[in-house]
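Take a look at the structure below.
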Amino acid sequence: MTSCKRYAMFVLAAVVLAGMAGNANGAEKIKVLLLGGRGHDWKGFHAVLAPVLEKTGDFEVTLSADLDDLKAEKIKNYDVVLFYGSGGDFADPAQEKGLDDFVRGGGGLAGVHATDAFKKSDVYWRLLGGRFIGHNGGSFMMRIENKKHPITATLEDFEISDETYRNSFHPDFKLDSLAHMDRDQEQQSMVWVQQVGQGRIFNTTLGHDKKAFVNPSFQRLVVRGLYWAAGRESKDPQ
């Protein structure tokens, strides 16, 4: 065998081994489409949370204010769609249908402080489960209700300063609450999950502003929720 052939075979073997090692080190990154562009500090939310997610090495976050990214030909490029903030309406039925088909077909969906949005859409209400009807604010305790669920299995009760969203639940939604707020008469769920079709949905009404964004327990909740929505094992941020 000539030296050139031996070198070519060595290079080919190195490429194959490198590919095998890459596959052994874990699955592909979870591609998250973060949709803002409406009410609340969506840019601030991205600025705080995207580095936390990317530091795990498991997430690739794309920030967008364009609802056309929900259309079938674009949304298929993502594993999870994350809505943040209030307000907005679907301008094209293909946006709403793209989101609905994506989730029912197995795509992940997450909402953070996002139930006060798309109030003309029954699809959005059904997918997130709740629709905002009012709030108070200030500091309060969050109580973990379900220690067996992968999202909240490692979480402890925590204090946070935030808005206290109250919601009207969709008639076709059955609440599976993971955590609720605890302050006098305010005892409503602020973290829940559901499955629609083949898709997993994680929602928390926490997350009004930077005081909430930087809370370590809030960050753990969101990161673990996104892992779960993507069908992966829930892990804490680094």
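Chain identifiers are assigned as A, B, and so on, following the order in which chains appear in the structure tokens; residues are numbered from 1 within each chain, and ligands are numbered from 1 in order of appearance.
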Next item on the list: Identify, on the basis of only C-alpha atoms, every residue whose closest approach to Ser234 of chain A does not exceed 8 Å; exclude the query and any residue fewer than 3 positions from it along the same chain; express the result as a PyMOL selection string.
Entry: chain A and resi 150-151+223-228
Can you write just those residues out, N, CA and C atoms, as a PDB file, in the first residue's frame?
```
ATOM      1  N   PRO A 150     -41.053  15.506  36.382  1.00  0.00           N
ATOM      2  CA  PRO A 150     -39.651  15.789  36.049  1.00  0.00           C
ATOM      3  C   PRO A 150     -39.270  17.267  36.156  1.00  0.00           C
ATOM      4  N   ILE A 151     -40.195  18.168  35.875  1.00  0.00           N
ATOM      5  CA  ILE A 151     -39.865  19.595  35.923  1.00  0.00           C
ATOM      6  C   ILE A 151     -39.609  20.042  37.353  1.00  0.00           C
ATOM      7  N   VAL A 223     -35.855  26.492  32.651  1.00  0.00           N
ATOM      8  CA  VAL A 223     -34.928  25.595  31.950  1.00  0.00           C
ATOM      9  C   VAL A 223     -35.436  24.153  32.013  1.00  0.00           C
ATOM     10  N   ARG A 224     -35.832  23.719  33.179  1.00  0.00           N
ATOM     11  CA  ARG A 224     -36.331  22.352  33.311  1.00  0.00           C
ATOM     12  C   ARG A 224     -37.621  22.153  32.509  1.00  0.00           C
ATOM     13  N   GLY A 225     -38.463  23.201  32.464  1.00  0.00           N
ATOM     14  CA  GLY A 225     -39.685  23.118  31.685  1.00  0.00           C
ATOM     15  C   GLY A 225     -39.430  22.993  30.196  1.00  0.00           C
ATOM     16  N   LEU A 226     -38.411  23.690  29.709  1.00  0.00           N
ATOM     17  CA  LEU A 226     -38.083  23.621  28.284  1.00  0.00           C
ATOM     18  C   LEU A 226     -37.497  22.263  27.911  1.00  0.00           C
ATOM     19  N   TYR A 227     -36.665  21.706  28.774  1.00  0.00           N
ATOM     20  CA  TYR A 227     -36.183  20.344  28.525  1.00  0.00           C
ATOM     21  C   TYR A 227     -37.374  19.388  28.386  1.00  0.00           C
ATOM     22  N   TRP A 228     -38.297  19.493  29.333  1.00  0.00           N
ATOM     23  CA  TRP A 228     -39.443  18.575  29.325  1.00  0.00           C
ATOM     24  C   TRP A 228     -40.305  18.769  28.085  1.00  0.00           C
TER      25      TRP A 228
END
```
Note to self: I'd like the neighbourhood of segment 152-156 of chain A as a PyMOL selection string, where a residue qualifies if any of its atoms comes within 12 Å (using only C-alpha atoms), though same-chain residues fewer than 3 positions away should be ignored.
What the structure shows: chain A and resi 141-149+159+177-180+191-193+202+216-225+227-228+233-236
Next item on the list: Write out as JSON, numbers by chain all residues of segment 2-221 of chain A that DSSP puts in strand (DSSP E) for this structure's backbone.
Entry: {"A": [30, 31, 32, 33, 34, 35, 59, 60, 61, 62, 63, 64, 80, 81, 82, 83, 84, 108, 109, 110, 111, 112, 130, 131, 132, 133, 134, 137, 138, 139, 140, 141, 142, 143, 144, 158, 159, 160, 161, 162, 163, 166, 167, 168, 169, 176, 177, 178, 179, 180, 181, 182, 189, 190, 191, 192, 193, 194, 195, 196, 199, 200, 201, 202, 203, 204]}
Next item on the list: Identify which of the residues A:Leu35, A:Gly137, A:Leu82, A:Asn215 lies closest to Arg183 of chain A, counting only C-alpha atoms when measuring atom-to-atom distances.
Entry: A:Gly137
Can you list every residue of segment 113-179 of chain A that has an atom at most 9 Å from segment 95-102 of chain A, with its nearest atom pair and the distance in Å to one decimal, using only C-alpha atoms, ordered by chain then number, as a tab-separated table?
```
residue	atom	partner	partner_atom	distance
A:Ser121	CA	A:Glu96	CA	8.0
A:Val123	CA	A:Asp100	CA	6.9
A:Tyr124	CA	A:Glu96	CA	7.8
A:Leu127	CA	A:Asp100	CA	7.8
```
Check: For Ile30 of chain A, which residue among A:Lys43, A:Arg232, A:His170, A:Lys55 is the nearest when counting only C-alpha atoms?
Finding: A:Arg232
Check: From the list A:Tyr78, A:Phe83, A:Trp42, A:Phe173, which residue is nearest Gly130 of chain A when using only C-alpha atoms?
Finding: A:Phe173
Item checked: Residues within 10 Å of Asn136 of chain A, only C-alpha atoms, excluding chain neighbours under 4 positions, as a ChimeraX atom specification -> /A:162-166,186
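When only C-alpha atoms are used to measure the gap to His46 of chain A, the shortest distance among A:Leu34, A:Ala114, A:Ile75, A:Val81 belongs to A:Leu34.
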Check: For Leu49 of chain A, which of A:Ala229, A:Ile201, A:Ala212, A:Met190 is the closest residue, counting only C-alpha atoms?
Finding: A:Ala212
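Here atom CA of Ala50 of chain A stands at a distance of 15.4 Å from atom CA of Ala65 of chain A.
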